[in-house]
Amino acid sequence: MKRVYLFFKFCFYLCMMIVLSVAGFSVYLYAQFSKDLPLLDSLRDYHPPVISEVFSDDGTKVGEFWIERRIVLSPQEIPKTVEEAIIASEDSAFFEHSGIDVMGIFRAMLENLRAGQIVQGGSTITQQVVKSFLLTSEKSWERKIKEAILAQRLEDNFSKQEILYLYLNQIFFGNRAYGIEAAAQNYFHKSAKELNIAEAAMIAGLAKAPSKFNPILNFERSKQRQEYVIDRMFEEGYISEKQKTEAKRASLEIFQAPTDKQYNMRYAPWFVEEIRRRIIEKYGEDAPYTHGLKIYTTLDLNAQKAAHDAIWKGLTELHKRHGYAGPIKKLPVSEFDNFNYTVRREMFFESLPPGTIIPDLTKERVKTTKLNLKKDKLYQGIVTEIDKKTKTVTVSVGGITGIIIPKNYGWARKRNNDASGYDGVLYITSPDKTFEVGDVIEVKVVDVAGLEPKDKKNYEENKTYFSLEQTPLAEGALFSYDANTGYVRAIIGGKDFLESEFNRATQAVRQTGSVFKALLYTGAVDKGYKPETVIQDEPIRIPDGPGRYWEPKNYGGGYRGPMSLRSALIASRNVVSVRIILDIGVEYVTALCRKLGFSTDIAKVYSMALGANDMKVMEVARAFGIFPTGGVLPDLIFVKRMTDRFGTTLEINQPKKITDFKQQIEAGTHAALSLVSETDANTENLRADLWTEAQSWVKKDHLMLTPFEEIILYGKHLPEGYIMSPKTIGTMVEIMQAIVSGGTGYRVHALGRPVAGKTGTTNDLTDCWFVGYTPDHVAGVWTGYDQATTKVGGGETGGKAAAPIFLYYMQEFLKDKPVTEFRNPKETQYAELDPPIRVAPTDISNMFTSGGLSGGGGADFFADDL
């Protein structure tokens, strides 16, 4: 008995030692692993990267920026159905355990053995939160121990709802979705609160392995996982048997989410990209991608669409004037079916909401589904037959057969960009030398119903007709804004954002050609010229270095002798413009450009009178804003308001409020100043705001302005808020209206409402411009090639290649807007608007009435222009 007693005593003490040792070792391990554990404080201040959203002026979402597409829901906003689906499948004892579920580990082992694969994990939701936020995904015992310690700490410091909040907003669900709200939007195009049981179960099933159970990549496996989640919801008592059955039978419409850049292509890619660049410039590289900004812009979707359509129409007309560049490729007959199926499949998905996924889609369904061709969309088709007798071309577009008649392919002569071309001319009338069976070409469906009755006679009823098209080779840009508010309404930076993201409206710098003359003549009128001032249009030689002379020529050659300033601008005469800049000076004109907001480098040479300097479409368009506003330079506004993730307002941008000059004069706040001679001029006669702002440019450009020029540019005779004299502007608007009604911009006359503007074409026809305005809106248009040495086309000018785009844009954008009138120039005839300085004795009206005037400082090139 004593031996037995001693044995049990020994065993007892041994067990006690083992227990104490294990306990001590555990305490030691706990102390060791607890030393460097991360703090939980970061979870209290949970601010993960969230998406920023861009909205148009009418509230339509037009853009997103994100690295992780996440939309955070508060604990109160998390739907009960989603919460139950996650808990049932991921951690059924979530509300009972304290961070670690020992029974859950054994239960998961049994479930996995029963299923023959891993269907359930042993980690609790709390542990997954710890792993996601505080630890790495390294697989080691050390990490597991740290995970267990932190899980218990998390449970001690956070409520269950707070832990769920962290989990459901943080985890990746695949399909570019982080968090439950983004998952609901990406997979089902609805918010999380709108998910039904079947959809919630599908998303919950992704939590374990989003790539493995992705319904886009493997629908069958994803469906099995979804049904497992539904079963677990039933077993846990969250749903009834009827709900279980209905959820399993429910059909699912699943969508593939785009990237943020793909999403931004839908409405206004150029505008949204400009917003992104501006936010980064002001707030830093991470701001648009992680700060959850709400950006409310000035974008007008109607204007943007009108601008897009106008650019494409104008560039297409330009392309067709210079001929056909040939088919995209040639295919043998054996490849016709495959090519048609590829095109038809694209058409099939275009008929569905963006991103629609059809898991069991068959070729037969694609081939038999009735599809309609969209108007104004380019399709690739195969030439299947050429009929010499009827002179028609038969084309198959995704299996839909149509005919091209001579009227709709007659432009397709062999391409020659140097030759002049004309709209509507049938250069070819027989197709056999231009097309071959197997040619892959671009076509557009002809809207026969929309044709004029006289044009319908060329088409038979119940037949599909195509027109031959081709993606234009030239580029184009358009920038438009409201003159009175500065709200930017539309930006087109090129013909195709996917092809090139470079924004030719806001980033490119190109020679402006005669568009610049509108600003030059404005400066001249400000300096004393009048519409009737006479300048000689005759040969002139300007020294340009030792033994060299610059002899500017007019577009098309020839001279007209004595011309009034008004007539010279309407006809866009180069020689007259050069004579004007010789008089008013390159220093003065450069200072004027800076006052008008130009930031690009300016070469102070006489050829600047002809638009030799490179400028941005956006800045030229902004400068033209002085005309409809009567002398106010609009502040361009892209963003009306912007808030951060908490709703705190970061920006509010409103149009500047300026009292009309007439009210200023009548109220006595703007009085006539006493006249002084140039020698008596001083800074007391200058407006402090204009003079101060000018100083940085005066220094940078090394400007040497006379006191007379300083007063003209910055004097107190300019009403508060105005940068130009309303008197000068009234004169220029009247002349520029005449440019449209009977000058180089005549095509714009078809707008049928008050409009003014100026055309521009650079040397060698490499850039074509039209910048114009109505009383309320301004738009600048440029066409050309990215290679500045490539000509737009033989015979192409601003009036021919750019002005029609302005016209098409304004016709569509303004069609439902009331007609407004420009201010009558007679309303600006106030003595208070005259500069307080006596003009030099020379009579400006008689200057340069004899030819052969010479002067230094010319340029090595010039821009003949129209």
# chains A, B, ... in the order shown; residues from 1 in each chain; ligands from 1
call {"tool": "select_by_dssp", "arguments": {"residues": "segment 264-503 of chain A", "states": "strand (DSSP E or B)", "output": "compact mmCIF listing (two decimals) with N, CA, C and O atoms, in the first residue's frame"}}
result
# COMPACT_ATOMS: atom_id res chain seq x y z
N HIS A 291 -8.82 58.91 -50.86
CA HIS A 291 -9.44 59.85 -49.92
C HIS A 291 -10.96 59.87 -49.94
O HIS A 291 -11.57 60.63 -49.19
N LYS A 294 -15.79 63.26 -53.06
CA LYS A 294 -16.99 63.44 -53.88
C LYS A 294 -16.76 64.74 -54.66
O LYS A 294 -16.68 65.82 -54.07
N ILE A 295 -16.66 64.61 -55.98
CA ILE A 295 -16.24 65.74 -56.82
C ILE A 295 -17.41 66.12 -57.72
O ILE A 295 -17.79 65.38 -58.63
N TYR A 296 -17.99 67.28 -57.45
CA TYR A 296 -19.16 67.74 -58.20
C TYR A 296 -18.68 68.76 -59.24
O TYR A 296 -18.26 69.87 -58.89
N THR A 297 -18.73 68.39 -60.50
CA THR A 297 -18.11 69.18 -61.56
C THR A 297 -19.12 70.02 -62.34
O THR A 297 -20.33 69.95 -62.11
N TYR A 324 -9.51 57.43 -99.57
CA TYR A 324 -9.63 56.17 -98.83
C TYR A 324 -8.26 55.54 -98.64
O TYR A 324 -7.49 55.40 -99.58
N LYS A 329 -7.95 44.98 -93.34
CA LYS A 329 -7.21 43.76 -93.68
C LYS A 329 -8.02 42.98 -94.70
O LYS A 329 -9.15 43.36 -95.03
N LYS A 330 -7.45 41.91 -95.20
CA LYS A 330 -8.14 41.04 -96.15
C LYS A 330 -8.24 39.64 -95.57
O LYS A 330 -7.30 39.15 -94.94
N THR A 356 -22.13 42.54 -68.30
CA THR A 356 -22.98 41.36 -68.11
C THR A 356 -22.21 40.08 -68.41
O THR A 356 -21.50 39.98 -69.41
N ILE A 357 -22.34 39.10 -67.50
CA ILE A 357 -21.71 37.79 -67.68
C ILE A 357 -22.82 36.75 -67.86
O ILE A 357 -23.76 36.68 -67.07
N TYR A 379 -18.94 49.91 -87.58
CA TYR A 379 -18.83 48.45 -87.48
C TYR A 379 -17.80 47.96 -88.49
O TYR A 379 -17.63 48.56 -89.56
N GLN A 380 -17.15 46.87 -88.15
CA GLN A 380 -16.29 46.22 -89.12
C GLN A 380 -17.10 45.16 -89.86
O GLN A 380 -17.81 44.36 -89.24
N GLY A 381 -17.02 45.20 -91.19
CA GLY A 381 -17.76 44.24 -92.01
C GLY A 381 -16.86 43.66 -93.09
O GLY A 381 -15.78 44.18 -93.38
N ILE A 382 -17.33 42.57 -93.69
CA ILE A 382 -16.58 41.90 -94.75
C ILE A 382 -17.28 42.12 -96.08
O ILE A 382 -18.51 41.93 -96.18
N VAL A 383 -16.53 42.51 -97.08
CA VAL A 383 -17.08 42.62 -98.43
C VAL A 383 -17.30 41.20 -98.95
O VAL A 383 -16.36 40.41 -99.07
N THR A 384 -18.56 40.86 -99.24
CA THR A 384 -18.88 39.50 -99.69
C THR A 384 -19.22 39.44 -101.18
O THR A 384 -19.20 38.37 -101.78
N GLU A 385 -19.54 40.61 -101.76
CA GLU A 385 -19.91 40.60 -103.19
C GLU A 385 -19.73 42.01 -103.77
O GLU A 385 -19.99 43.01 -103.10
N ILE A 386 -19.25 42.05 -105.02
CA ILE A 386 -19.14 43.32 -105.76
C ILE A 386 -19.92 43.16 -107.06
O ILE A 386 -19.61 42.30 -107.88
N ASP A 387 -20.94 43.95 -107.21
CA ASP A 387 -21.82 43.86 -108.39
C ASP A 387 -21.48 45.01 -109.34
O ASP A 387 -21.83 46.16 -109.10
N THR A 392 -22.85 48.18 -106.86
CA THR A 392 -23.03 48.12 -105.40
C THR A 392 -22.04 47.16 -104.77
O THR A 392 -21.48 46.27 -105.43
N VAL A 393 -21.85 47.33 -103.48
CA VAL A 393 -20.97 46.47 -102.68
C VAL A 393 -21.81 45.85 -101.58
O VAL A 393 -22.50 46.56 -100.84
N THR A 394 -21.77 44.51 -101.47
CA THR A 394 -22.50 43.82 -100.41
C THR A 394 -21.54 43.54 -99.25
O THR A 394 -20.43 43.04 -99.46
N VAL A 395 -21.99 43.86 -98.06
CA VAL A 395 -21.15 43.74 -96.87
C VAL A 395 -21.90 42.96 -95.79
O VAL A 395 -23.10 43.13 -95.61
N SER A 396 -21.17 42.10 -95.08
CA SER A 396 -21.74 41.35 -93.95
C SER A 396 -21.14 41.88 -92.66
O SER A 396 -19.92 41.88 -92.49
N VAL A 397 -22.02 42.32 -91.75
CA VAL A 397 -21.60 42.81 -90.43
C VAL A 397 -22.18 41.88 -89.38
O VAL A 397 -23.37 41.94 -89.08
N ILE A 400 -25.23 40.19 -90.54
CA ILE A 400 -26.28 41.06 -91.07
C ILE A 400 -25.79 41.63 -92.40
O ILE A 400 -24.75 42.29 -92.46
N THR A 401 -26.52 41.37 -93.47
CA THR A 401 -26.09 41.76 -94.81
C THR A 401 -26.67 43.11 -95.20
O THR A 401 -27.86 43.39 -94.97
N GLY A 402 -25.83 43.95 -95.77
CA GLY A 402 -26.27 45.27 -96.23
C GLY A 402 -25.56 45.66 -97.51
O GLY A 402 -24.60 45.00 -97.94
N ILE A 403 -26.04 46.73 -98.12
CA ILE A 403 -25.54 47.16 -99.42
C ILE A 403 -24.99 48.58 -99.32
O ILE A 403 -25.54 49.43 -98.64
N ILE A 404 -23.88 48.81 -100.04
CA ILE A 404 -23.33 50.16 -100.17
C ILE A 404 -23.53 50.60 -101.62
O ILE A 404 -23.04 49.96 -102.55
N LYS A 414 -8.24 57.04 -104.22
CA LYS A 414 -6.98 56.70 -103.57
C LYS A 414 -6.52 57.89 -102.75
O LYS A 414 -6.51 59.02 -103.21
N SER A 420 -6.29 68.84 -102.84
CA SER A 420 -7.49 69.46 -102.28
C SER A 420 -8.68 68.53 -102.46
O SER A 420 -8.74 67.77 -103.45
N ASP A 439 -12.31 42.02 -98.27
CA ASP A 439 -11.86 43.24 -97.59
C ASP A 439 -12.63 43.44 -96.29
O ASP A 439 -13.86 43.33 -96.27
N VAL A 440 -11.91 43.72 -95.21
CA VAL A 440 -12.55 44.11 -93.96
C VAL A 440 -12.55 45.63 -93.92
O VAL A 440 -11.50 46.27 -93.94
N ILE A 441 -13.74 46.20 -93.91
CA ILE A 441 -13.89 47.65 -93.98
C ILE A 441 -14.76 48.15 -92.83
O ILE A 441 -15.42 47.36 -92.15
N GLU A 442 -14.75 49.46 -92.64
CA GLU A 442 -15.61 50.08 -91.62
C GLU A 442 -16.84 50.65 -92.31
O GLU A 442 -16.73 51.32 -93.35
N VAL A 443 -17.99 50.39 -91.70
CA VAL A 443 -19.25 50.88 -92.27
C VAL A 443 -20.15 51.41 -91.17
O VAL A 443 -19.94 51.14 -89.99
N LYS A 444 -21.14 52.15 -91.60
CA LYS A 444 -22.16 52.66 -90.69
C LYS A 444 -23.51 52.42 -91.35
O LYS A 444 -23.64 52.56 -92.57
N VAL A 445 -24.51 52.05 -90.57
CA VAL A 445 -25.83 51.80 -91.13
C VAL A 445 -26.46 53.13 -91.56
O VAL A 445 -26.32 54.14 -90.88
N TYR A 465 -28.87 49.24 -95.60
CA TYR A 465 -27.87 49.94 -96.40
C TYR A 465 -26.76 50.45 -95.48
O TYR A 465 -27.02 50.89 -94.35
N PHE A 466 -25.55 50.36 -95.98
CA PHE A 466 -24.39 50.86 -95.25
C PHE A 466 -23.75 52.01 -96.02
O PHE A 466 -23.91 52.13 -97.23
N SER A 467 -23.00 52.82 -95.28
CA SER A 467 -22.11 53.80 -95.91
C SER A 467 -20.68 53.41 -95.56
O SER A 467 -20.41 52.92 -94.46
N LEU A 468 -19.78 53.58 -96.52
CA LEU A 468 -18.37 53.29 -96.27
C LEU A 468 -17.81 54.37 -95.35
O LEU A 468 -17.99 55.57 -95.60
N GLU A 469 -17.14 53.96 -94.29
CA GLU A 469 -16.54 54.88 -93.34
C GLU A 469 -15.08 54.50 -93.12
O GLU A 469 -14.63 53.45 -93.55
N GLU A 475 -6.28 64.28 -85.86
CA GLU A 475 -6.77 64.46 -84.50
C GLU A 475 -7.58 65.75 -84.41
O GLU A 475 -7.53 66.60 -85.31
N GLY A 476 -8.29 65.89 -83.32
CA GLY A 476 -9.06 67.11 -83.10
C GLY A 476 -9.22 67.36 -81.62
O GLY A 476 -9.04 66.46 -80.79
N ALA A 477 -9.53 68.59 -81.26
CA ALA A 477 -9.76 68.95 -79.86
C ALA A 477 -10.82 70.04 -79.79
O ALA A 477 -10.94 70.86 -80.71
N LEU A 478 -11.56 70.02 -78.70
CA LEU A 478 -12.60 71.04 -78.48
C LEU A 478 -12.66 71.34 -76.99
O LEU A 478 -12.67 70.43 -76.16
N PHE A 479 -12.72 72.62 -76.67
CA PHE A 479 -12.84 73.05 -75.27
C PHE A 479 -13.94 74.10 -75.21
O PHE A 479 -13.92 75.08 -75.95
N SER A 480 -14.92 73.89 -74.32
CA SER A 480 -16.07 74.78 -74.27
C SER A 480 -16.45 75.11 -72.83
O SER A 480 -16.36 74.26 -71.95
N TYR A 481 -16.90 76.36 -72.64
CA TYR A 481 -17.32 76.77 -71.30
C TYR A 481 -18.37 77.87 -71.40
O TYR A 481 -18.56 78.49 -72.46
N ASP A 482 -19.06 78.10 -70.29
CA ASP A 482 -20.03 79.19 -70.19
C ASP A 482 -19.27 80.49 -69.97
O ASP A 482 -18.50 80.61 -69.01
N TYR A 487 -17.89 78.13 -66.13
CA TYR A 487 -18.09 76.69 -65.97
C TYR A 487 -17.67 75.97 -67.24
O TYR A 487 -18.21 76.22 -68.32
N VAL A 488 -16.72 75.05 -67.10
CA VAL A 488 -16.27 74.26 -68.24
C VAL A 488 -17.32 73.19 -68.51
O VAL A 488 -17.66 72.40 -67.63
N ARG A 489 -17.82 73.16 -69.75
CA ARG A 489 -18.94 72.29 -70.08
C ARG A 489 -18.54 71.05 -70.87
O ARG A 489 -19.21 70.01 -70.78
N ALA A 490 -17.50 71.12 -71.66
CA ALA A 490 -17.13 69.97 -72.48
C ALA A 490 -15.65 70.05 -72.83
O ALA A 490 -15.11 71.13 -73.08
N ILE A 491 -15.00 68.88 -72.82
CA ILE A 491 -13.60 68.77 -73.24
C ILE A 491 -13.46 67.53 -74.11
O ILE A 491 -13.81 66.42 -73.70
N ILE A 492 -12.97 67.72 -75.31
CA ILE A 492 -12.57 66.60 -76.16
C ILE A 492 -11.09 66.78 -76.46
O ILE A 492 -10.69 67.79 -77.06
call {"tool": "closest_residue", "arguments": {"among": "A:Lys527, A:Lys433, A:Lys454, A:Lys604", "to": "Met704 of chain A", "atoms": "only C-alpha atoms"}}
result
A:Lys604
call {"tool": "atom_distance", "arguments": {"atom1": "atom CA of Gly494 of chain A", "atom2": "atom CA of Asp309 of chain A"}}
result
11.9 Å
call {"tool": "closest_residue", "arguments": {"among": "A:Met103, A:Ile163, A:Ile125, A:Val733", "to": "Pro75 of chain A", "atoms": "only C-alpha atoms"}}
result
A:Ile163
call {"tool": "closest_atom_pairs", "arguments": {"of": "segment 147-233 of chain A", "to": "segment 93-96 of chain A", "cutoff": "12 Å", "atoms": "only C-alpha atoms", "output": "Markdown table"}}
result
| residue | atom | partner | partner_atom | distance |
| --- | --- | --- | --- | --- |
| A:Glu155 | CA | A:Phe95 | CA | 10.4 |
| A:Ser159 | CA | A:Phe95 | CA | 9.9 |
| A:Lys160 | CA | A:Phe95 | CA | 6.9 |
| A:Gln161 | CA | A:Phe95 | CA | 9.5 |
| A:Ile163 | CA | A:Phe94 | CA | 10.1 |
| A:Leu164 | CA | A:Phe94 | CA | 9.6 |
call {"tool": "write_last_selection", "arguments": {"atoms": "C-alpha atoms", "output": "PDB file, in the first residue's frame"}}
result
ATOM      1  CA  GLU A 155     -12.679  40.720 -28.472  1.00  0.00           C
ATOM      2  CA  SER A 159     -17.934  44.800 -29.768  1.00  0.00           C
ATOM      3  CA  LYS A 160     -19.008  42.028 -32.119  1.00  0.00           C
ATOM      4  CA  GLN A 161     -20.672  44.561 -34.414  1.00  0.00           C
ATOM      5  CA  ILE A 163     -15.499  43.486 -35.522  1.00  0.00           C
ATOM      6  CA  LEU A 164     -18.011  42.639 -38.239  1.00  0.00           C
TER       7      LEU A 164
END
call {"tool": "atom_distance", "arguments": {"atom1": "atom CA of Met732 of chain A", "atom2": "atom CA of Arg753 of chain A"}}
result
17.8 Å
call {"tool": "atom_distance", "arguments": {"atom1": "atom CA of Ile652 of chain A", "atom2": "atom CA of Ile279 of chain A"}}
result
13.8 Å
call {"tool": "residues_around", "arguments": {"residues": "Phe213 of chain A", "least_positions_apart": "6", "cutoff": "6 Å", "atoms": "only C-alpha atoms", "output": "ChimeraX atom specification"}}
result
/A:206,221-222
call {"tool": "write_last_selection", "arguments": {"atoms": "C-alpha atoms", "output": "PDB file, in the first residue's frame"}}
result
ATOM      1  CA  LEU A 206     -16.353  34.384 -51.945  1.00  0.00           C
ATOM      2  CA  ARG A 221     -17.802  25.951 -58.520  1.00  0.00           C
ATOM      3  CA  SER A 222     -19.171  29.296 -57.344  1.00  0.00           C
TER       4      SER A 222
END
call {"tool": "residues_around", "arguments": {"residues": "Tyr459 of chain A", "least_positions_apart": "2", "cutoff": "10 Å", "atoms": "only C-alpha atoms", "output": "ChimeraX atom specification"}}
result
/A:403,405,446,448,455-457,461-465
call {"tool": "residues_around", "arguments": {"residues": "segment 243-254 of chain A", "least_positions_apart": "2", "cutoff": "8 Å", "atoms": "only C-alpha atoms", "output": "mmCIF file with C-alpha atoms, in the first residue's frame"}}
result
data_model
loop_
_atom_site.group_PDB
_atom_site.id
_atom_site.type_symbol
_atom_site.label_atom_id
_atom_site.label_comp_id
_atom_site.auth_asym_id
_atom_site.auth_seq_id
_atom_site.Cartn_x
_atom_site.Cartn_y
_atom_site.Cartn_z
ATOM 1 C CA TYR A 187 -21.296 41.619 -59.036
ATOM 2 C CA PHE A 188 -24.970 42.594 -59.091
ATOM 3 C CA ILE A 197 -30.634 35.673 -50.096
ATOM 4 C CA ALA A 198 -29.226 34.046 -53.249
ATOM 5 C CA GLU A 199 -27.031 37.044 -54.027
ATOM 6 C CA PRO A 215 -18.562 33.177 -60.548
ATOM 7 C CA ILE A 216 -17.130 35.004 -63.566
ATOM 8 C CA GLU A 227 -25.574 26.483 -52.151
ATOM 9 C CA ILE A 230 -27.522 28.709 -48.217
ATOM 10 C CA ASP A 231 -27.554 25.309 -46.485
ATOM 11 C CA PHE A 234 -30.833 27.142 -43.044
ATOM 12 C CA ILE A 239 -33.842 31.157 -43.254
ATOM 13 C CA SER A 240 -36.757 28.786 -43.688
ATOM 14 C CA GLU A 241 -36.755 25.676 -45.862
ATOM 15 C CA GLN A 256 -17.882 41.881 -64.491
ATOM 16 C CA THR A 356 -22.979 41.360 -68.114
ATOM 17 C CA ILE A 357 -21.712 37.788 -67.676
ATOM 18 C CA ILE A 358 -23.653 34.857 -69.157
#
call {"tool": "closest_residue", "arguments": {"among": "A:Phe348, A:Trp691, A:Tyr521, A:Phe10", "to": "Lys367 of chain A", "atoms": "only C-alpha atoms"}}
result
A:Phe348
call {"tool": "residues_around", "arguments": {"residues": "Leu565 of chain A", "least_positions_apart": "3", "cutoff": "8 Å", "atoms": "only C-alpha atoms", "output": "PyMOL selection string"}}
result
chain A and resi 529-535+568-569
call {"tool": "residues_around", "arguments": {"residues": "Ala518 of chain A", "least_positions_apart": "5", "cutoff": "12 Å", "atoms": "only C-alpha atoms", "output": "ChimeraX atom specification"}}
result
/A:512-513,523-525,565-566,568-573,577,589,593,609-611,620-621,623-627,728-729,731-737,739,756-760,770-772
call {"tool": "select_by_dssp", "arguments": {"residues": "segment 431-604 of chain A", "states": "alpha helix (DSSP H)", "output": "VMD selection string"}}
result
chain A and resid 453 to 456 517 to 526 565 to 571 574 to 584 586 to 595
